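Dropping run.cif in here (mmCIF, C-alpha atoms):
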data_final
#
loop_
_atom_site.label_atom_id
_atom_site.label_comp_id
_atom_site.auth_asym_id
_atom_site.auth_seq_id
_atom_site.Cartn_x
_atom_site.Cartn_y
_atom_site.Cartn_z
CA MET A 137 113.92 119.87 56.49
CA ALA A 138 111.22 122.33 57.61
CA LEU A 139 111.50 123.88 61.07
CA PRO A 140 108.66 123.24 63.59
CA SER A 141 106.00 125.91 63.81
CA ARG A 142 106.05 128.48 66.58
CA ALA A 143 103.07 126.78 68.29
CA ALA A 144 104.87 123.43 68.28
CA ARG A 145 108.00 125.03 69.74
CA ILE A 146 105.97 126.68 72.51
CA ALA A 147 104.21 123.38 73.29
CA ARG A 148 107.51 121.52 73.62
CA VAL A 149 109.02 124.19 75.87
CA VAL A 150 105.91 124.29 78.07
CA GLY A 151 105.98 120.49 78.32
CA VAL A 152 109.58 120.56 79.56
CA VAL A 153 108.76 123.20 82.19
CA LEU A 154 105.63 121.37 83.40
CA LEU A 155 107.55 118.11 83.72
CA ALA A 156 110.21 119.85 85.81
CA LEU A 157 107.56 121.39 88.06
CA ALA A 158 105.86 118.01 88.50
CA VAL A 159 109.15 116.42 89.53
CA SER A 160 109.72 119.26 92.01
CA ALA A 161 106.23 118.83 93.53
CA VAL A 162 106.73 115.09 93.99
CA ALA A 163 110.12 115.72 95.58
CA VAL A 164 108.61 118.21 98.04
CA ARG A 165 105.92 115.72 99.09
CA ALA A 166 108.48 112.95 99.51
CA GLY A 167 110.73 115.26 101.52
CA LEU A 168 107.88 116.25 103.85
CA TRP A 169 106.98 112.58 104.36
CA GLN A 170 110.59 111.76 105.27
CA LEU A 171 110.70 114.76 107.61
CA ASP A 172 107.53 113.58 109.35
CA ARG A 173 109.07 110.11 109.80
CA HIS A 174 112.19 111.70 111.29
CA GLU A 175 110.19 113.83 113.73
CA THR A 176 108.06 110.84 114.76
CA ARG A 177 111.15 108.77 115.53
CA ALA A 178 112.80 111.65 117.35
CA ALA A 179 109.71 112.06 119.54
CA ALA A 180 109.63 108.30 120.28
CA ILE A 181 113.31 108.33 121.30
CA ALA A 182 112.76 111.38 123.52
CA LEU A 183 109.82 109.64 125.23
CA TYR A 184 111.85 106.48 125.71
CA GLU A 185 114.77 108.37 127.27
CA ALA A 186 112.38 110.19 129.59
CA ASN A 187 110.53 107.08 130.84
CA ALA A 188 112.77 104.04 130.53
CA ASP A 189 115.01 104.81 133.52
CA LEU A 190 112.22 105.78 135.93
CA ALA A 191 111.63 103.53 138.91
CA PRO A 192 108.85 100.95 138.57
CA THR A 193 105.46 102.08 139.83
CA SER A 194 101.97 100.63 139.97
CA LEU A 195 99.86 100.46 136.83
CA ALA A 196 97.04 102.41 138.52
CA GLU A 197 99.34 105.39 139.19
CA VAL A 198 100.55 105.60 135.59
CA VAL A 199 97.40 104.71 133.64
CA ALA A 200 94.13 105.48 135.37
CA PRO A 201 90.97 103.55 134.40
CA GLY A 202 89.61 104.79 131.09
CA GLN A 203 92.91 106.37 130.01
CA ALA A 204 95.29 105.25 127.26
CA VAL A 205 98.97 104.48 127.77
CA GLY A 206 99.88 107.54 125.71
CA ASP A 207 102.90 109.35 127.15
CA ALA A 208 103.35 106.59 129.74
CA GLU A 209 104.82 104.33 127.05
CA TRP A 210 108.14 102.75 128.13
CA ARG A 211 107.28 103.13 131.82
CA THR A 212 107.93 100.04 133.92
CA VAL A 213 104.85 99.19 135.98
CA THR A 214 103.72 96.53 138.39
CA ALA A 215 100.28 94.98 138.76
CA LYS A 216 98.71 92.23 140.85
CA GLY A 217 96.15 89.75 139.60
CA ARG A 218 95.80 86.49 137.71
CA PHE A 219 96.48 85.22 134.19
CA ASP A 220 93.46 84.32 132.07
CA GLU A 221 94.93 81.04 130.80
CA THR A 222 92.08 80.49 128.34
CA SER A 223 92.99 83.65 126.43
CA LEU A 224 96.47 82.48 125.38
CA THR A 225 97.05 83.59 121.76
CA LEU A 226 100.06 82.81 119.59
CA LEU A 227 101.35 85.72 117.56
CA ARG A 228 102.59 84.43 114.20
CA ASN A 229 105.08 85.70 111.63
CA ARG A 230 107.01 87.61 114.29
CA PRO A 231 110.54 86.15 114.41
CA VAL A 232 112.86 86.99 117.29
CA ASP A 233 116.59 87.33 116.59
CA ARG A 234 115.96 85.66 113.19
CA GLU A 235 114.48 82.65 114.95
CA ARG A 236 111.09 81.36 113.81
CA ALA A 237 108.99 82.09 116.85
CA TYR A 238 105.53 82.32 118.32
CA GLN A 239 105.09 85.30 120.61
CA GLN A 240 102.60 84.57 123.39
CA LEU A 241 99.83 86.98 124.33
CA VAL A 242 97.48 86.62 127.28
CA TRP A 243 95.06 88.73 129.29
CA PHE A 244 96.08 89.55 132.85
CA ASP A 245 93.13 90.39 135.12
CA THR A 246 94.31 93.00 137.62
CA ASP A 247 93.05 93.54 141.15
CA ASP A 248 91.68 96.98 140.20
CA GLY A 249 89.12 95.42 137.86
CA ARG A 250 90.86 95.79 134.49
CA SER A 251 92.44 93.43 131.97
CA LEU A 252 95.99 94.16 130.78
CA LEU A 253 97.22 92.56 127.57
CA LEU A 254 100.64 91.01 128.19
CA ASN A 255 103.31 89.71 125.85
CA ILE A 256 104.67 87.01 128.15
CA GLY A 257 107.53 85.66 125.99
CA TRP A 258 108.25 83.67 122.86
CA VAL A 259 108.72 80.01 122.03
CA ARG A 260 110.39 78.40 119.03
CA VAL A 261 108.14 77.17 116.24
CA PRO A 262 108.24 73.38 116.59
CA GLY A 263 109.29 71.00 113.85
CA PRO A 264 106.95 68.52 112.13
CA GLU A 265 107.38 65.93 114.88
CA GLU A 266 107.77 68.27 117.86
CA ASP A 267 105.19 69.49 120.35
CA LEU A 268 104.62 73.16 120.96
CA ALA A 269 105.95 74.35 124.32
CA THR A 270 103.14 75.63 126.57
CA PRO A 271 103.45 77.93 129.60
CA GLU A 272 103.49 76.52 133.10
CA TRP A 273 101.14 78.92 134.76
CA PRO A 274 101.92 80.10 138.31
CA VAL A 275 99.54 79.12 141.09
CA GLY A 276 97.48 81.78 142.85
CA ASP A 277 97.92 85.53 142.73
CA VAL A 278 100.74 86.92 140.62
CA THR A 279 102.63 90.21 140.64
CA VAL A 280 103.87 91.14 137.20
CA THR A 281 106.41 93.75 136.15
CA ALA A 282 106.06 94.94 132.57
CA VAL A 283 107.10 97.73 130.22
CA LEU A 284 104.10 99.59 128.86
CA ARG A 285 103.69 99.90 125.09
CA ARG A 286 101.03 101.28 122.78
CA VAL A 287 98.97 98.70 120.93
CA GLU A 288 99.82 97.99 117.30
CA PRO A 289 97.54 98.79 114.34
CA ASP A 290 95.07 96.03 113.53
CA ASP A 291 95.73 94.30 110.19
CA GLY A 292 92.38 92.50 110.20
CA ARG A 293 93.60 89.00 111.10
CA ARG A 294 91.79 87.00 113.74
CA ASP A 295 91.94 83.85 115.87
CA ASP A 296 94.79 81.52 114.85
CA GLY A 297 96.09 84.05 112.32
CA ALA A 298 96.89 86.80 114.84
CA THR A 299 99.95 88.85 113.86
CA ARG A 300 99.57 92.13 115.80
CA ILE A 301 99.61 92.99 119.49
CA THR A 302 96.15 94.48 119.79
CA PRO A 303 92.99 93.56 121.71
CA ALA A 304 91.17 93.24 118.37
CA GLN A 305 93.04 89.98 117.67
CA MET A 306 92.50 88.55 121.16
CA PRO A 307 89.56 86.80 122.79
CA ALA A 308 87.28 89.21 124.63
CA PRO A 309 88.70 90.18 128.04
CA ALA A 310 86.87 89.50 131.29
CA HIS A 311 87.13 93.17 132.34
CA PRO A 312 87.57 96.56 130.62
CA ALA A 313 90.85 96.45 128.72
CA VAL A 314 93.74 98.82 129.30
CA ASP A 315 94.40 100.84 126.15
CA GLY A 316 97.95 99.52 125.69
CA TYR A 317 99.89 96.38 126.51
CA GLY A 318 102.81 95.28 128.64
CA ALA A 319 106.02 93.49 127.67
CA LEU A 320 106.60 91.12 130.58
CA ARG A 321 109.86 91.58 132.49
CA GLU A 322 109.02 89.47 135.56
CA ALA A 323 106.17 87.44 137.05
CA CYS A 324 106.31 86.50 140.74
CA ALA A 325 104.00 84.08 142.56
CA GLN A 326 104.23 82.07 145.74
CA ASP A 327 106.29 79.42 143.95
CA GLY A 328 108.93 81.86 142.64
CA CYS A 329 109.65 84.36 139.87
CA VAL A 330 110.27 84.04 136.14
CA ASP A 331 111.29 86.72 133.65
CA ALA A 332 109.18 85.21 130.87
CA PHE A 333 107.19 82.15 129.86
CA GLY A 334 109.60 80.78 127.32
CA ALA A 335 112.19 83.39 126.31
CA GLN A 336 111.77 87.09 127.00
CA VAL A 337 110.86 89.21 124.00
CA PRO A 338 113.55 91.94 123.68
CA LEU A 339 112.49 95.55 123.50
CA PRO A 340 113.05 97.19 120.12
CA THR A 341 116.15 99.26 119.42
CA LEU A 342 115.20 102.83 118.59
CA SER A 343 117.18 104.92 116.12
CA LEU A 344 116.59 108.01 114.02
CA GLY A 345 117.43 106.14 110.82
CA PRO A 346 118.29 107.86 107.52
CA HIS A 347 115.06 109.88 107.21
CA LEU A 348 116.65 113.30 107.77
CA ALA A 349 119.32 112.64 105.14
CA TYR A 350 116.60 111.53 102.70
CA THR A 351 114.68 114.72 103.52
CA TRP A 352 117.54 116.95 102.41
CA GLN A 353 118.07 114.88 99.26
CA TRP A 354 114.43 115.24 98.23
CA PHE A 355 114.39 118.97 98.96
CA ALA A 356 117.59 119.42 96.95
CA LEU A 357 115.92 117.66 94.02
CA ALA A 358 112.90 119.95 94.42
CA VAL A 359 115.18 122.96 93.91
CA ILE A 360 117.30 121.47 91.13
CA ALA A 361 114.37 120.24 89.00
CA PRO A 362 112.93 123.71 88.09
CA VAL A 363 116.39 125.12 87.37
CA ALA A 364 117.19 122.19 85.11
CA GLY A 365 113.77 122.53 83.50
CA VAL A 366 114.38 126.20 82.61
CA LEU A 367 117.78 125.42 81.13
CA LEU A 368 116.40 122.54 79.08
CA ALA A 369 113.46 124.65 77.91
CA ARG A 370 115.79 127.43 76.77
CA ARG A 371 117.97 124.97 74.93
CA GLU A 372 114.92 123.40 73.31
CA TRP A 373 113.65 126.81 72.16
CA GLU A 374 116.98 127.82 70.66
CA PHE A 375 117.64 124.43 69.06
CA THR A 376 114.26 124.11 67.36
CA GLY A 377 114.41 127.69 66.09
CA ALA A 378 117.86 127.51 64.47
CA PRO A 379 118.62 125.96 61.07
CA ARG A 380 119.96 122.49 61.31
CA ASP A 381 123.37 121.59 59.93
CA ASP A 382 121.99 118.47 58.31
CA ALA A 383 119.28 120.33 56.34
CA PRO A 384 119.64 120.00 52.55
CA ARG A 385 121.17 123.02 50.90
CA ALA A 386 120.95 124.37 47.32
CA PRO A 387 123.90 123.26 45.20
CA ALA A 388 126.55 125.91 44.65
CA PRO A 389 126.64 127.37 41.10
CA ARG A 390 129.30 125.93 38.84
CA PRO A 391 131.98 128.40 37.83
CA PRO A 392 132.04 129.34 34.12
CA ARG A 393 134.33 127.29 31.99
CA ALA A 394 137.53 129.04 31.02
CA ARG A 395 137.82 130.03 27.41
CA ARG A 396 140.89 128.54 25.99
CA ALA A 397 142.36 129.92 22.78
CA GLY A 398 142.70 127.48 19.91
CA ARG A 399 144.19 127.79 16.49
CA GLY A 400 143.80 131.23 14.89
CA GLY A 401 142.95 132.76 18.26
CA LEU A 402 139.54 131.06 18.37
CA SER A 403 138.20 129.32 21.42
CA ASP A 404 137.45 125.63 21.51
CA GLU A 405 133.70 126.34 21.46
CA GLU A 406 134.01 128.51 18.35
CA ILE A 407 136.09 125.86 16.61
CA GLU A 408 133.48 123.19 17.44
CA ASP A 409 130.67 125.38 16.13
CA ALA A 410 132.50 125.96 12.87
CA LEU A 411 133.00 122.22 12.21
#

Will you turn the file into structure tokens for me?
Amino acid sequence: MALPSRAARIARVVGVVLLALAVSAVAVRAGLWQLDRHETRAAAIALYEANADLAPTSLAEVVAPGQAVGDAEWRTVTAKGRFDETSLTLLRNRPVDRERAYQQLVWFDTDDGRSLLLNIGWVRVPGPEEDLATPEWPVGDVTVTAVLRRVEPDDGRRDDGATRITPAQMPAPAHPAVDGYGALREACAQDGCVDAFGAQVPLPTLSLGPHLAYTWQWFALAVIAPVAGVLLARREWEFTGAPRDDAPRAPAPRPPRARRAGRGGLSDEEIEDAL
């Protein structure tokens, strides 16, 4: 079997090396993405630990008009005003503790002339023959206590299909909206206090997750891939350039036949020729 040409051998070796480099590049990008996720989570946890245990303060002191929640996320704030009952929006496809639930969003018009988006609690999704539970709104002015959060990215849904906590999926507010929302912890009016309308939506549990471990795994692959590629390329070069054991070989020459003496000292061949 003929050996591949030198050009074919070079092409195969180069292909092996390029494949190894491509794998290394992909691994580097994946490792950087995992590292970014780790750093983002670490920053969120640091912000939570810095703000969650601070004493409640007024919304106006933490987020001035025209400012975003930003680094004030996880602060507990208080605000006075009234609920805009007509703005009640049910957030769908957001289960709570594995329970099929509607989370309830509503605008809260504050005394300082702004509208704060509030997540006021969740209710169970009713069965086919059940009625949906509706909030019993407090009478008169209300003082709410809420944990500030940043709004969620808009996924484009609207009206009855709302799935994200963002002003984009709410009816238009009566006043300029606060850039952020509040998770209700308590609402107090002249007829008493409640911690939620329905059941209180729990705050998320923050953790670093496995992103840092995945980062090191991807970076390790980025180092291993070129080394493995060089070794495979070398083996490919040596293998394709050496004769193969299964290649057909020329038959070995037959040894000359021994001359055996016959009668009268003649060989068998000479006797046959004489007959």

| request: Name the residues in contact with Ser223 of chain A at a cut-off of 7 Å, using only C-alpha atoms, excluding same-chain residues fewer than 4 positions from it; report them as a PyMOL selection string. | output: chain A and resi 242-243+307

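Atom CA of Leu154 of chain A is found 11.7 Å from atom CA of Ala364 of chain A.
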
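Once the PyMOL selection byres ((chain A and resi 275) around 9) is applied to this file, the selection holds Arg218, Trp273, Pro274, Gly276, Asp277, Val278, Ala325, Gln326 and Asp327 of chain A.
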
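Between Asp315 of chain A and the candidates A:Pro303, A:Gly365, A:Gly292, A:Gly257, the tightest atom-to-atom separation, counting all atoms listed in the file, involves A:Pro303.
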
| Spatial neighbours of Val213 of chain A, 10 Å, all atoms listed in the file, chain gap at least 3 places, as a count of residues only | 20

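For the pair atom CA of Arg230 of chain A and atom CA of Arg300 of chain A, the interatomic distance is 8.8 Å.
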
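Here atom CA of Ala332 of chain A and atom CA of Glu221 of chain A stand 14.8 Å from one another.
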
| field | Contacts of segment 162-178 of chain A within 12 Å, only C-alpha atoms, excl. fewer than 4 positions in-chain, as a PyMOL selection string | value | chain A and resi 155-158+182-185+341-362

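Counting only C-alpha atoms and comparing A:Thr214, A:Asn229, A:Ser141, A:Gln203, the residue that lies closest to Thr299 of chain A is A:Asn229.
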
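Under the PyMOL selection byres ((chain A and resi 252) around 7), the matching residues in the shown file are Trp243, Phe244, Asp245, Arg250, Ser251, Leu253, Leu254, Ala313, Val314 and Tyr317 of chain A.
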
| task | Please determine the residues with any atom at most 10 Å from (114.0, 126.4, 78.1) (coordinates as given in the file, with all atoms listed in the file counting) and report them as a PyMOL selection string. | result | chain A and resi 146+148-153+363-375

Include C-alpha atoms and write out the residues we just selected as a compact mmCIF listing (two decimals), in the frame of the given file.
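Okay, this is what ended up in selection_26.txt:
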# COMPACT_ATOMS: atom_id res chain seq x y z
CA ILE A 146 105.97 126.68 72.51
CA ARG A 148 107.51 121.52 73.62
CA VAL A 149 109.02 124.19 75.87
CA VAL A 150 105.91 124.29 78.07
CA GLY A 151 105.98 120.49 78.32
CA VAL A 152 109.58 120.56 79.56
CA VAL A 153 108.76 123.20 82.19
CA VAL A 363 116.39 125.12 87.37
CA ALA A 364 117.19 122.19 85.11
CA GLY A 365 113.77 122.53 83.50
CA VAL A 366 114.38 126.20 82.61
CA LEU A 367 117.78 125.42 81.13
CA LEU A 368 116.40 122.54 79.08
CA ALA A 369 113.46 124.65 77.91
CA ARG A 370 115.79 127.43 76.77
CA ARG A 371 117.97 124.97 74.93
CA GLU A 372 114.92 123.40 73.31
CA TRP A 373 113.65 126.81 72.16
CA GLU A 374 116.98 127.82 70.66
CA PHE A 375 117.64 124.43 69.06

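Among the candidates A:Thr270, A:Thr279, A:Thr222, A:Gln336, the residue lying nearest to Ala310 of chain A is A:Thr222 (atoms considered: only C-alpha atoms).
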
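Across the chains present, the PyMOL selection byres ((chain A and resi 290) around 7) applied to this file returns Glu288, Pro289, Asp291, Gly292, Arg300, Thr302 and Ala304 of chain A.
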
Next, write the just-selected residues to a file, as a compact mmCIF listing (two decimals), keeping the file's coordinate frame, keeping C-alpha atoms as the atom set.
# COMPACT_ATOMS: atom_id res chain seq x y z
CA GLU A 288 99.82 97.99 117.30
CA PRO A 289 97.54 98.79 114.34
CA ASP A 291 95.73 94.30 110.19
CA GLY A 292 92.38 92.50 110.20
CA ARG A 300 99.57 92.13 115.80
CA THR A 302 96.15 94.48 119.79
CA ALA A 304 91.17 93.24 118.37

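Of the residues under consideration (A:Val330, A:Cys324, A:Leu268, A:Ala186), A:Cys324 shows the shortest atom-to-atom contact distance to Lys216 of chain A when counting only C-alpha atoms.
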
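The smallest atom-to-atom distance between Gly217 of chain A and any of A:Arg286, A:Thr246, A:Pro309, A:Pro264, using all atoms listed in the file, is found for A:Thr246.
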
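Using all atoms listed in the file, the protein and nucleic acid residues lying at most 7 Å from the point (92.3, 82.2, 118.5) are Thr225, Arg294, Asp295, Asp296, Met306 and Pro307 of chain A.
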
| message | When you look at Glu209 of chain A with a cut-off of 7 Å (counting all atoms listed in the file), what residues show up, excluding the ones that are within fewer than 2 positions of it in the same chain? I need them as a PyMOL selection string. | response | chain A and resi 205-207+211+284-286

Box time for segment 194-213 of chain A: axis-aligned, enclosing all its listed atoms, 4 Å extra on each side; report centre and edge lengths in Å to one decimal, as JSON.
{"center_x": 98.9, "center_y": 104.3, "center_z": 132.8, "size_x": 26.5, "size_y": 18.2, "size_z": 22.3}

| Neighbour list for Gln239 of chain A as a PyMOL selection string, cut-off 6 Å, all atoms listed in the file, skip fewer than 4 positions in-chain | chain A and resi 226-227+257-258

Once you have the residues from the selection above, write them out as a PDB file, in the coordinates of the input, restricted to C-alpha atoms.
ATOM      1  CA  LEU A 226     100.060  82.810 119.590  1.00  0.00           C
ATOM      2  CA  LEU A 227     101.350  85.720 117.560  1.00  0.00           C
ATOM      3  CA  GLY A 257     107.530  85.660 125.990  1.00  0.00           C
ATOM      4  CA  TRP A 258     108.250  83.670 122.860  1.00  0.00           C
TER       5      TRP A 258
END
